[in-house]
Each structure stands twice: as structure tokens, then as C-alpha cells.
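Enquirer: See coords_10.tsv below, with TSV, N, CA and C atoms.
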```tsv
chain	number	residue	atom	x	y	z
A	1	GLN	N	0.83	-1.19	0.00
A	1	GLN	CA	0.00	0.00	0.00
A	1	GLN	C	0.87	1.25	0.00
A	2	VAL	N	0.36	2.27	-0.67
A	2	VAL	CA	1.03	3.56	-0.72
A	2	VAL	C	0.07	4.62	-0.18
A	3	GLN	N	0.55	5.44	0.71
A	3	GLN	CA	-0.24	6.55	1.23
A	3	GLN	C	0.34	7.85	0.69
A	4	LEU	N	-0.55	8.75	0.29
A	4	LEU	CA	-0.15	10.03	-0.25
A	4	LEU	C	-0.78	11.15	0.57
A	5	VAL	N	0.03	12.11	0.98
A	5	VAL	CA	-0.46	13.23	1.77
A	5	VAL	C	-0.06	14.53	1.09
A	6	GLU	N	-1.07	15.33	0.74
A	6	GLU	CA	-0.82	16.60	0.07
A	6	GLU	C	-0.78	17.74	1.08
A	7	SER	N	-0.08	18.79	0.72
A	7	SER	CA	-0.07	20.01	1.51
A	7	SER	C	0.22	21.18	0.59
A	8	GLY	N	-0.09	22.38	1.08
A	8	GLY	CA	0.27	23.58	0.34
A	8	GLY	C	-0.86	24.30	-0.35
A	9	GLY	N	-2.06	23.77	-0.29
A	9	GLY	CA	-3.17	24.48	-0.90
A	9	GLY	C	-3.57	25.71	-0.11
A	10	GLY	N	-4.49	26.48	-0.66
A	10	GLY	CA	-4.95	27.67	0.05
A	10	GLY	C	-5.60	28.66	-0.88
A	11	LEU	N	-5.71	29.88	-0.40
A	11	LEU	CA	-6.33	30.97	-1.13
A	11	LEU	C	-5.26	31.94	-1.60
A	12	VAL	N	-5.31	32.32	-2.85
A	12	VAL	CA	-4.33	33.25	-3.41
A	12	VAL	C	-5.02	34.14	-4.42
A	13	GLN	N	-4.51	35.34	-4.60
A	13	GLN	CA	-5.06	36.23	-5.61
A	13	GLN	C	-4.56	35.86	-7.00
A	14	ALA	N	-5.32	36.22	-7.99
A	14	ALA	CA	-4.91	35.98	-9.38
A	14	ALA	C	-3.54	36.60	-9.63
A	15	GLY	N	-2.70	35.85	-10.33
A	15	GLY	CA	-1.34	36.29	-10.59
A	15	GLY	C	-0.34	35.82	-9.56
A	16	GLY	N	-0.84	35.28	-8.45
A	16	GLY	CA	0.03	34.81	-7.40
A	16	GLY	C	0.55	33.40	-7.64
A	17	SER	N	1.23	32.89	-6.61
A	17	SER	CA	1.86	31.57	-6.72
A	17	SER	C	1.54	30.73	-5.49
A	18	LEU	N	1.53	29.44	-5.70
A	18	LEU	CA	1.42	28.47	-4.62
A	18	LEU	C	2.29	27.27	-4.98
A	19	ARG	N	2.72	26.56	-3.96
A	19	ARG	CA	3.46	25.33	-4.19
A	19	ARG	C	2.79	24.20	-3.43
A	20	LEU	N	2.44	23.17	-4.17
A	20	LEU	CA	1.85	21.98	-3.57
A	20	LEU	C	2.92	20.91	-3.38
A	21	SER	N	2.76	20.17	-2.31
A	21	SER	CA	3.69	19.08	-2.02
A	21	SER	C	2.90	17.81	-1.76
A	22	CYS	N	3.45	16.69	-2.19
A	22	CYS	CA	2.81	15.40	-1.96
A	22	CYS	C	3.89	14.43	-1.50
A	23	ALA	N	3.69	13.89	-0.31
A	23	ALA	CA	4.64	12.95	0.25
A	23	ALA	C	4.05	11.55	0.23
A	24	ALA	N	4.81	10.63	-0.32
A	24	ALA	CA	4.39	9.22	-0.37
A	24	ALA	C	5.04	8.45	0.76
A	25	SER	N	4.28	7.54	1.35
A	25	SER	CA	4.81	6.67	2.41
A	25	SER	C	4.24	5.28	2.24
A	26	GLY	N	4.76	4.37	3.02
A	26	GLY	CA	4.32	2.98	2.91
A	26	GLY	C	5.23	2.22	1.98
A	27	SER	N	4.65	1.46	1.08
A	27	SER	CA	5.42	0.64	0.15
A	27	SER	C	5.79	1.46	-1.09
A	28	THR	N	6.81	2.30	-0.93
A	28	THR	CA	7.15	3.25	-2.00
A	28	THR	C	8.17	2.70	-2.99
A	29	PHE	N	8.67	1.49	-2.74
A	29	PHE	CA	9.61	0.90	-3.69
A	29	PHE	C	8.91	0.69	-5.03
A	30	SER	N	9.59	1.01	-6.11
A	30	SER	CA	9.07	0.83	-7.48
A	30	SER	C	7.93	1.79	-7.83
A	31	LEU	N	7.84	2.93	-7.14
A	31	LEU	CA	6.89	3.93	-7.58
A	31	LEU	C	7.26	4.40	-8.96
A	32	ASN	N	6.31	4.49	-9.84
A	32	ASN	CA	6.57	4.92	-11.21
A	32	ASN	C	6.14	6.38	-11.34
A	33	THR	N	5.12	6.65	-12.09
A	33	THR	CA	4.68	8.01	-12.32
A	33	THR	C	4.00	8.59	-11.08
A	34	MET	N	4.29	9.83	-10.81
A	34	MET	CA	3.57	10.60	-9.78
A	34	MET	C	3.12	11.91	-10.39
A	35	GLY	N	2.11	12.51	-9.80
A	35	GLY	CA	1.67	13.79	-10.35
A	35	GLY	C	0.42	14.30	-9.70
A	36	TRP	N	-0.27	15.16	-10.46
A	36	TRP	CA	-1.43	15.85	-9.94
A	36	TRP	C	-2.56	15.89	-10.96
A	37	TYR	N	-3.74	15.65	-10.48
A	37	TYR	CA	-4.96	15.94	-11.20
A	37	TYR	C	-5.71	17.02	-10.41
A	38	ARG	N	-6.68	17.63	-11.05
A	38	ARG	CA	-7.54	18.57	-10.35
A	38	ARG	C	-8.98	18.40	-10.81
A	39	GLN	N	-9.88	18.82	-9.93
A	39	GLN	CA	-11.30	18.76	-10.26
A	39	GLN	C	-11.99	19.99	-9.71
A	40	ALA	N	-12.59	20.74	-10.61
A	40	ALA	CA	-13.37	21.91	-10.24
A	40	ALA	C	-14.83	21.52	-10.14
A	41	PRO	N	-15.63	22.26	-9.38
A	41	PRO	CA	-17.04	21.93	-9.23
A	41	PRO	C	-17.75	21.83	-10.58
A	42	GLY	N	-18.44	20.73	-10.78
A	42	GLY	CA	-19.20	20.54	-12.01
A	42	GLY	C	-18.38	20.15	-13.21
A	43	LYS	N	-17.08	19.91	-13.01
A	43	LYS	CA	-16.21	19.56	-14.14
A	43	LYS	C	-15.56	18.20	-13.90
A	44	GLN	N	-15.08	17.62	-14.98
A	44	GLN	CA	-14.38	16.35	-14.86
A	44	GLN	C	-12.97	16.56	-14.31
A	45	ARG	N	-12.45	15.52	-13.71
A	45	ARG	CA	-11.08	15.56	-13.23
A	45	ARG	C	-10.15	15.65	-14.44
A	46	GLU	N	-9.15	16.50	-14.36
A	46	GLU	CA	-8.23	16.67	-15.48
A	46	GLU	C	-6.78	16.60	-15.00
A	47	LEU	N	-5.93	16.13	-15.88
A	47	LEU	CA	-4.51	16.05	-15.57
A	47	LEU	C	-3.92	17.45	-15.48
A	48	VAL	N	-3.16	17.68	-14.42
A	48	VAL	CA	-2.41	18.92	-14.30
A	48	VAL	C	-0.97	18.70	-14.75
A	49	ALA	N	-0.30	17.76	-14.10
A	49	ALA	CA	1.08	17.47	-14.45
A	49	ALA	C	1.46	16.10	-13.91
A	50	ALA	N	2.42	15.48	-14.58
A	50	ALA	CA	2.90	14.17	-14.15
A	50	ALA	C	4.39	14.08	-14.42
A	51	ILE	N	5.05	13.24	-13.62
A	51	ILE	CA	6.49	13.04	-13.79
A	51	ILE	C	6.80	11.57	-13.55
A	52	THR	N	7.58	11.00	-14.44
A	52	THR	CA	7.93	9.59	-14.31
A	52	THR	C	9.12	9.42	-13.38
A	53	SER	N	9.42	8.19	-13.06
A	53	SER	CA	10.58	7.92	-12.21
A	53	SER	C	11.87	8.33	-12.91
A	54	GLY	N	11.84	8.40	-14.23
A	54	GLY	CA	13.01	8.82	-14.98
A	54	GLY	C	13.11	10.32	-15.17
A	55	GLY	N	12.09	11.04	-14.72
A	55	GLY	CA	12.13	12.50	-14.80
A	55	GLY	C	11.40	13.10	-15.98
A	56	SER	N	10.79	12.30	-16.82
A	56	SER	CA	10.01	12.86	-17.93
A	56	SER	C	8.73	13.48	-17.40
A	57	THR	N	8.37	14.63	-17.97
A	57	THR	CA	7.21	15.35	-17.47
A	57	THR	C	6.14	15.51	-18.56
A	58	ASN	N	4.92	15.71	-18.09
A	58	ASN	CA	3.78	15.92	-18.98
A	58	ASN	C	2.86	16.91	-18.29
A	59	TYR	N	2.35	17.89	-19.04
A	59	TYR	CA	1.50	18.92	-18.47
A	59	TYR	C	0.19	19.02	-19.22
A	60	GLY	N	-0.86	19.37	-18.49
A	60	GLY	CA	-2.11	19.71	-19.15
A	60	GLY	C	-1.93	21.01	-19.93
A	61	ASP	N	-2.66	21.14	-21.03
A	61	ASP	CA	-2.49	22.30	-21.90
A	61	ASP	C	-2.74	23.62	-21.16
A	62	SER	N	-3.68	23.62	-20.24
A	62	SER	CA	-4.06	24.87	-19.59
A	62	SER	C	-3.03	25.37	-18.59
A	63	VAL	N	-2.06	24.55	-18.24
A	63	VAL	CA	-1.07	24.98	-17.23
A	63	VAL	C	0.35	25.06	-17.79
A	64	LYS	N	0.53	24.68	-19.03
A	64	LYS	CA	1.87	24.72	-19.63
A	64	LYS	C	2.44	26.13	-19.57
A	65	GLY	N	3.69	26.22	-19.16
A	65	GLY	CA	4.36	27.51	-19.05
A	65	GLY	C	4.12	28.22	-17.73
A	66	ARG	N	3.17	27.72	-16.93
A	66	ARG	CA	2.88	28.37	-15.64
A	66	ARG	C	3.20	27.45	-14.46
A	67	PHE	N	3.00	26.17	-14.64
A	67	PHE	CA	3.23	25.20	-13.56
A	67	PHE	C	4.47	24.38	-13.85
A	68	THR	N	5.16	23.98	-12.79
A	68	THR	CA	6.33	23.13	-12.93
A	68	THR	C	6.26	22.01	-11.91
A	69	ILE	N	6.43	20.79	-12.39
A	69	ILE	CA	6.42	19.64	-11.50
A	69	ILE	C	7.86	19.16	-11.31
A	70	SER	N	8.16	18.74	-10.09
A	70	SER	CA	9.48	18.18	-9.80
A	70	SER	C	9.32	17.05	-8.79
A	71	ARG	N	10.39	16.29	-8.66
A	71	ARG	CA	10.29	15.09	-7.84
A	71	ARG	C	11.60	14.86	-7.10
A	72	ASP	N	11.48	14.51	-5.83
A	72	ASP	CA	12.63	14.11	-5.03
A	72	ASP	C	12.45	12.62	-4.74
A	73	LYS	N	13.14	11.81	-5.49
A	73	LYS	CA	12.94	10.37	-5.37
A	73	LYS	C	13.41	9.85	-4.01
A	74	ALA	N	14.46	10.46	-3.49
A	74	ALA	CA	14.98	10.01	-2.20
A	74	ALA	C	13.96	10.23	-1.08
A	75	LYS	N	13.18	11.31	-1.20
A	75	LYS	CA	12.19	11.63	-0.19
A	75	LYS	C	10.78	11.19	-0.58
A	76	ASN	N	10.67	10.57	-1.76
A	76	ASN	CA	9.34	10.14	-2.26
A	76	ASN	C	8.35	11.29	-2.23
A	77	THR	N	8.79	12.43	-2.72
A	77	THR	CA	7.97	13.63	-2.70
A	77	THR	C	7.87	14.21	-4.11
A	78	VAL	N	6.70	14.71	-4.44
A	78	VAL	CA	6.53	15.41	-5.70
A	78	VAL	C	5.99	16.81	-5.39
A	79	LEU	N	6.54	17.80	-6.08
A	79	LEU	CA	6.17	19.19	-5.87
A	79	LEU	C	5.52	19.76	-7.12
A	80	LEU	N	4.60	20.66	-6.92
A	80	LEU	CA	3.98	21.37	-8.04
A	80	LEU	C	4.07	22.87	-7.75
A	81	GLN	N	4.93	23.54	-8.47
A	81	GLN	CA	5.05	24.99	-8.37
A	81	GLN	C	4.07	25.62	-9.34
A	82	MET	N	3.16	26.42	-8.80
A	82	MET	CA	2.11	27.03	-9.62
A	82	MET	C	2.29	28.54	-9.61
A	83	ASN	N	2.58	29.08	-10.77
A	83	ASN	CA	2.77	30.53	-10.92
A	83	ASN	C	1.70	31.12	-11.82
A	84	SER	N	1.57	32.42	-11.76
A	84	SER	CA	0.60	33.13	-12.60
A	84	SER	C	-0.78	32.49	-12.51
A	85	LEU	N	-1.20	32.25	-11.31
A	85	LEU	CA	-2.47	31.56	-11.10
A	85	LEU	C	-3.66	32.38	-11.59
A	86	LYS	N	-4.65	31.67	-12.09
A	86	LYS	CA	-5.86	32.28	-12.63
A	86	LYS	C	-7.07	31.76	-11.85
A	87	PRO	N	-8.16	32.51	-11.85
A	87	PRO	CA	-9.37	32.01	-11.16
A	87	PRO	C	-9.80	30.63	-11.67
A	88	GLU	N	-9.57	30.35	-12.94
A	88	GLU	CA	-9.97	29.05	-13.48
A	88	GLU	C	-9.08	27.91	-12.99
A	89	ASP	N	-8.03	28.22	-12.26
A	89	ASP	CA	-7.22	27.17	-11.63
A	89	ASP	C	-7.83	26.69	-10.32
A	90	THR	N	-8.89	27.36	-9.88
A	90	THR	CA	-9.56	26.96	-8.65
A	90	THR	C	-10.11	25.55	-8.78
A	91	ALA	N	-9.72	24.69	-7.85
A	91	ALA	CA	-10.12	23.29	-7.89
A	91	ALA	C	-9.56	22.58	-6.67
A	92	VAL	N	-9.99	21.34	-6.51
A	92	VAL	CA	-9.33	20.45	-5.56
A	92	VAL	C	-8.24	19.72	-6.34
A	93	TYR	N	-7.04	19.76	-5.82
A	93	TYR	CA	-5.90	19.14	-6.47
A	93	TYR	C	-5.57	17.82	-5.76
A	94	TYR	N	-5.49	16.78	-6.57
A	94	TYR	CA	-5.25	15.44	-6.05
A	94	TYR	C	-3.89	14.93	-6.51
A	95	CYS	N	-3.12	14.47	-5.58
A	95	CYS	CA	-1.86	13.80	-5.90
A	95	CYS	C	-2.14	12.34	-6.26
A	96	PHE	N	-1.40	11.82	-7.21
A	96	PHE	CA	-1.54	10.41	-7.54
A	96	PHE	C	-0.16	9.79	-7.74
A	97	ALA	N	-0.13	8.48	-7.60
A	97	ALA	CA	1.09	7.72	-7.85
A	97	ALA	C	0.71	6.39	-8.46
A	98	VAL	N	1.58	5.89	-9.30
A	98	VAL	CA	1.35	4.62	-9.96
A	98	VAL	C	2.46	3.66	-9.55
A	99	LYS	N	2.05	2.48	-9.12
A	99	LYS	CA	3.02	1.44	-8.76
A	99	LYS	C	2.52	0.11	-9.28
A	100	LEU	N	3.31	-0.50	-10.12
A	100	LEU	CA	3.00	-1.83	-10.65
A	100	LEU	C	1.58	-1.87	-11.23
A	101	GLY	N	1.24	-0.81	-11.95
A	101	GLY	CA	-0.03	-0.77	-12.65
A	101	GLY	C	-1.23	-0.37	-11.82
A	102	ARG	N	-1.00	-0.05	-10.56
A	102	ARG	CA	-2.10	0.35	-9.68
A	102	ARG	C	-1.97	1.83	-9.32
A	103	ASP	N	-3.12	2.52	-9.32
A	103	ASP	CA	-3.15	3.94	-8.98
A	103	ASP	C	-3.44	4.15	-7.50
A	104	TYR	N	-2.77	5.13	-6.94
A	104	TYR	CA	-3.02	5.55	-5.56
A	104	TYR	C	-3.31	7.04	-5.58
A	105	TRP	N	-4.18	7.47	-4.65
A	105	TRP	CA	-4.63	8.86	-4.64
A	105	TRP	C	-4.55	9.44	-3.23
A	106	GLY	N	-4.24	10.73	-3.20
A	106	GLY	CA	-4.32	11.46	-1.95
A	106	GLY	C	-5.74	11.95	-1.71
A	107	GLN	N	-5.93	12.62	-0.58
A	107	GLN	CA	-7.26	13.10	-0.20
A	107	GLN	C	-7.64	14.39	-0.93
A	108	GLY	N	-6.67	15.08	-1.44
A	108	GLY	CA	-6.95	16.32	-2.16
A	108	GLY	C	-6.68	17.54	-1.30
A	109	THR	N	-6.30	18.62	-1.96
A	109	THR	CA	-6.09	19.89	-1.28
A	109	THR	C	-6.74	20.99	-2.12
A	110	GLN	N	-7.44	21.89	-1.45
A	110	GLN	CA	-8.18	22.93	-2.15
A	110	GLN	C	-7.26	24.09	-2.53
A	111	VAL	N	-7.36	24.49	-3.78
A	111	VAL	CA	-6.70	25.70	-4.26
A	111	VAL	C	-7.78	26.65	-4.76
A	112	THR	N	-7.80	27.85	-4.20
A	112	THR	CA	-8.77	28.86	-4.60
A	112	THR	C	-8.04	30.11	-5.04
A	113	VAL	N	-8.34	30.55	-6.26
A	113	VAL	CA	-7.71	31.74	-6.81
A	113	VAL	C	-8.79	32.81	-6.97
A	114	SER	N	-8.62	33.90	-6.27
A	114	SER	CA	-9.60	34.98	-6.33
A	114	SER	C	-9.22	35.99	-7.41
A	115	SER	N	-10.24	36.57	-8.01
A	115	SER	CA	-9.99	37.54	-9.10
A	115	SER	C	-9.83	38.95	-8.57
```
Rewrite the coordinates I just gave you, this time as C-alpha cells.
Expert:
Amino acid sequence: QVQLVESGGGLVQAGGSLRLSCAASGSTFSLNTMGWYRQAPGKQRELVAAITSGGSTNYGDSVKGRFTISRDKAKNTVLLQMNSLKPEDTAVYYCFAVKLGRDYWGQGTQVTVSS
């Protein structure tokens, strides 16, 4: 089993920045891809960013150029630096991890961007 705990959400004004952190614990050996999805009220969950164990990254189109994902494999932590935030970035952000073909999810952290 893998447990994921997110932190760093909150309220920020448009144009501001936030950094989300996700720490994995438990059976973290062989963790593959880690990253973030988000879900806004009334919308489907969408990919924000992902990073493989080899360091390859993938971003959702709406956050490219504004968000940066990074990973500390030694600490089993993934970070999401969010800059130039917009009101449409308001959502619950969920950390995920993939291990041996199985997905694990965190509880989510709220990010609210005021205009």
C-alpha cells in the first residue's frame, strides 16, 4: 500500500503563486509516475502534471508555461510549483502515484484563486 499526503493548498489572488507538495509513504519501492490531477465543481477531473521515475514530465495544456512539476525520489515527494495563477485554476488538487499498474490517490487539497 502507498499513502499520499498533500499540503500547500490555500487561497491566493490571481497572478500569485502556490506550491503543492505530496509525500508518499508505505510501500514506495518501485513507484513509477507521480503527479497531480484537479477537479473543479461541475467539471471532470483533469490532468495537471505528471512526472515519471526517470524524470520525464507531462502537463495539461491549460497549465503549460505556468506550472512546474518536480520530484525528489529520495524523499518520495513530488512538488507542483504554480505561478501566474488564474481564477480558473480553482479546484481540488489530487496527488496520484502509480506502482506496478495500480493507482493511488491522496485526499486532495483545495486551491482557490480569487480575481
Enquirer: Among chain A, which residues carry a DSSP assignment of helix (DSSP H, G or I), reported as an MDAnalysis selection string?
Expert: chainID A and resid 61:63 87:89
Enquirer: Would you kindly return, as a PyMOL selection string, each protein, DNA or RNA residue with an atom no farther than 9 Å from any atom of Val78 in chain A, considering only C-alpha atoms and excluding same-chain residues fewer than 4 positions away?
Expert: chain A and resi 20-24+34-35+51+69-73+95
Enquirer: Report the distance between CA of Ser25 in chain A and atom C of Thr109 in chain A in Å, rounded to one decimal place.
Expert: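 Spanning CA of Ser25 in chain A to atom C of Thr109 in chain A is a straight-line distance of 18.9 Å.
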Enquirer: For atom N of Glu6 in chain A and CA of Lys99 in chain A, determine how far apart the two atoms are, in Å to one decimal place.
Expert: 17.3 Å
Enquirer: Taking the DSSP assignment computed from this structure's backbone, write out as a PyMOL selection string all residues of chain A that belong to strand (DSSP E or B).
Expert: chain A and resi 2-7+10-13+18-26+31-39+46-51+57-59+67-72+77-82+91-99+102-105+109-114
Enquirer: Please provide as a VMD selection string all residues within 6.5 Å of Tyr37 in chain A, with the sequence filter that same-chain residues fewer than 2 positions apart are discarded (counting only N, CA and C atoms).
Expert: chain A and resid 35 39 45 to 49 92 to 96
Enquirer: Which is closest to Ser84 in chain A among A:Ser27, A:Thr33, A:Gln13, A:Ser7, if we use only N, CA and C atoms?
Expert: A:Gln13
Enquirer: Grab the atom C of Val111 in chain A to CA of Gly65 in chain A distance for me, in Å with one decimal place.
Expert: 18.8 Å
Enquirer: Quick one: of A:Ser62, A:Ser17, A:Asn32, A:Gln1, who's nearest to Gly101 in chain A, counting only C-alpha atoms?
Expert: A:Asn32
Enquirer: With distances taken over only C-alpha atoms, which residue among A:Pro41, A:Gly106, A:Val98, A:Asp89 lies nearest Ala14 in chain A?
Expert: A:Asp89
Enquirer: Using the incomplete input, complete range 36-50 of chain A to the level of N, CA, C and O atoms; output as an mmCIF file, in the coordinates of the input.
Expert:
```
data_model
loop_
_atom_site.group_PDB
_atom_site.id
_atom_site.type_symbol
_atom_site.label_atom_id
_atom_site.label_comp_id
_atom_site.auth_asym_id
_atom_site.auth_seq_id
_atom_site.Cartn_x
_atom_site.Cartn_y
_atom_site.Cartn_z
ATOM 1 N N TRP A 36 -0.270 15.160 -10.460
ATOM 2 C CA TRP A 36 -1.430 15.850 -9.940
ATOM 3 C C TRP A 36 -2.560 15.890 -10.960
ATOM 4 O O TRP A 36 -2.328 16.141 -12.147
ATOM 5 N N TYR A 37 -3.740 15.650 -10.480
ATOM 6 C CA TYR A 37 -4.960 15.940 -11.200
ATOM 7 C C TYR A 37 -5.710 17.020 -10.410
ATOM 8 O O TYR A 37 -5.405 17.274 -9.257
ATOM 9 N N ARG A 38 -6.680 17.630 -11.050
ATOM 10 C CA ARG A 38 -7.540 18.570 -10.350
ATOM 11 C C ARG A 38 -8.980 18.400 -10.810
ATOM 12 O O ARG A 38 -9.242 17.929 -11.906
ATOM 13 N N GLN A 39 -9.880 18.820 -9.930
ATOM 14 C CA GLN A 39 -11.300 18.760 -10.260
ATOM 15 C C GLN A 39 -11.990 19.990 -9.710
ATOM 16 O O GLN A 39 -11.976 20.243 -8.496
ATOM 17 N N ALA A 40 -12.590 20.740 -10.610
ATOM 18 C CA ALA A 40 -13.370 21.910 -10.240
ATOM 19 C C ALA A 40 -14.830 21.520 -10.140
ATOM 20 O O ALA A 40 -15.258 20.528 -10.744
ATOM 21 N N PRO A 41 -15.630 22.260 -9.380
ATOM 22 C CA PRO A 41 -17.040 21.930 -9.230
ATOM 23 C C PRO A 41 -17.750 21.830 -10.580
ATOM 24 O O PRO A 41 -17.619 22.707 -11.427
ATOM 25 N N GLY A 42 -18.440 20.730 -10.780
ATOM 26 C CA GLY A 42 -19.200 20.540 -12.010
ATOM 27 C C GLY A 42 -18.380 20.150 -13.210
ATOM 28 O O GLY A 42 -18.919 20.057 -14.328
ATOM 29 N N LYS A 43 -17.080 19.910 -13.010
ATOM 30 C CA LYS A 43 -16.210 19.560 -14.140
ATOM 31 C C LYS A 43 -15.560 18.200 -13.900
ATOM 32 O O LYS A 43 -15.483 17.715 -12.777
ATOM 33 N N GLN A 44 -15.080 17.620 -14.980
ATOM 34 C CA GLN A 44 -14.380 16.350 -14.860
ATOM 35 C C GLN A 44 -12.970 16.560 -14.310
ATOM 36 O O GLN A 44 -12.379 17.641 -14.472
ATOM 37 N N ARG A 45 -12.450 15.520 -13.710
ATOM 38 C CA ARG A 45 -11.080 15.560 -13.230
ATOM 39 C C ARG A 45 -10.150 15.650 -14.440
ATOM 40 O O ARG A 45 -10.338 14.956 -15.430
ATOM 41 N N GLU A 46 -9.150 16.500 -14.360
ATOM 42 C CA GLU A 46 -8.230 16.670 -15.480
ATOM 43 C C GLU A 46 -6.780 16.600 -15.000
ATOM 44 O O GLU A 46 -6.459 16.979 -13.866
ATOM 45 N N LEU A 47 -5.930 16.130 -15.880
ATOM 46 C CA LEU A 47 -4.510 16.050 -15.570
ATOM 47 C C LEU A 47 -3.920 17.450 -15.480
ATOM 48 O O LEU A 47 -4.120 18.272 -16.368
ATOM 49 N N VAL A 48 -3.160 17.680 -14.420
ATOM 50 C CA VAL A 48 -2.410 18.920 -14.300
ATOM 51 C C VAL A 48 -0.970 18.700 -14.750
ATOM 52 O O VAL A 48 -0.472 19.368 -15.649
ATOM 53 N N ALA A 49 -0.300 17.760 -14.100
ATOM 54 C CA ALA A 49 1.080 17.470 -14.450
ATOM 55 C C ALA A 49 1.460 16.100 -13.910
ATOM 56 O O ALA A 49 0.899 15.651 -12.907
ATOM 57 N N ALA A 50 2.420 15.480 -14.580
ATOM 58 C CA ALA A 50 2.900 14.170 -14.150
ATOM 59 C C ALA A 50 4.390 14.080 -14.420
ATOM 60 O O ALA A 50 4.915 14.739 -15.323
#
```
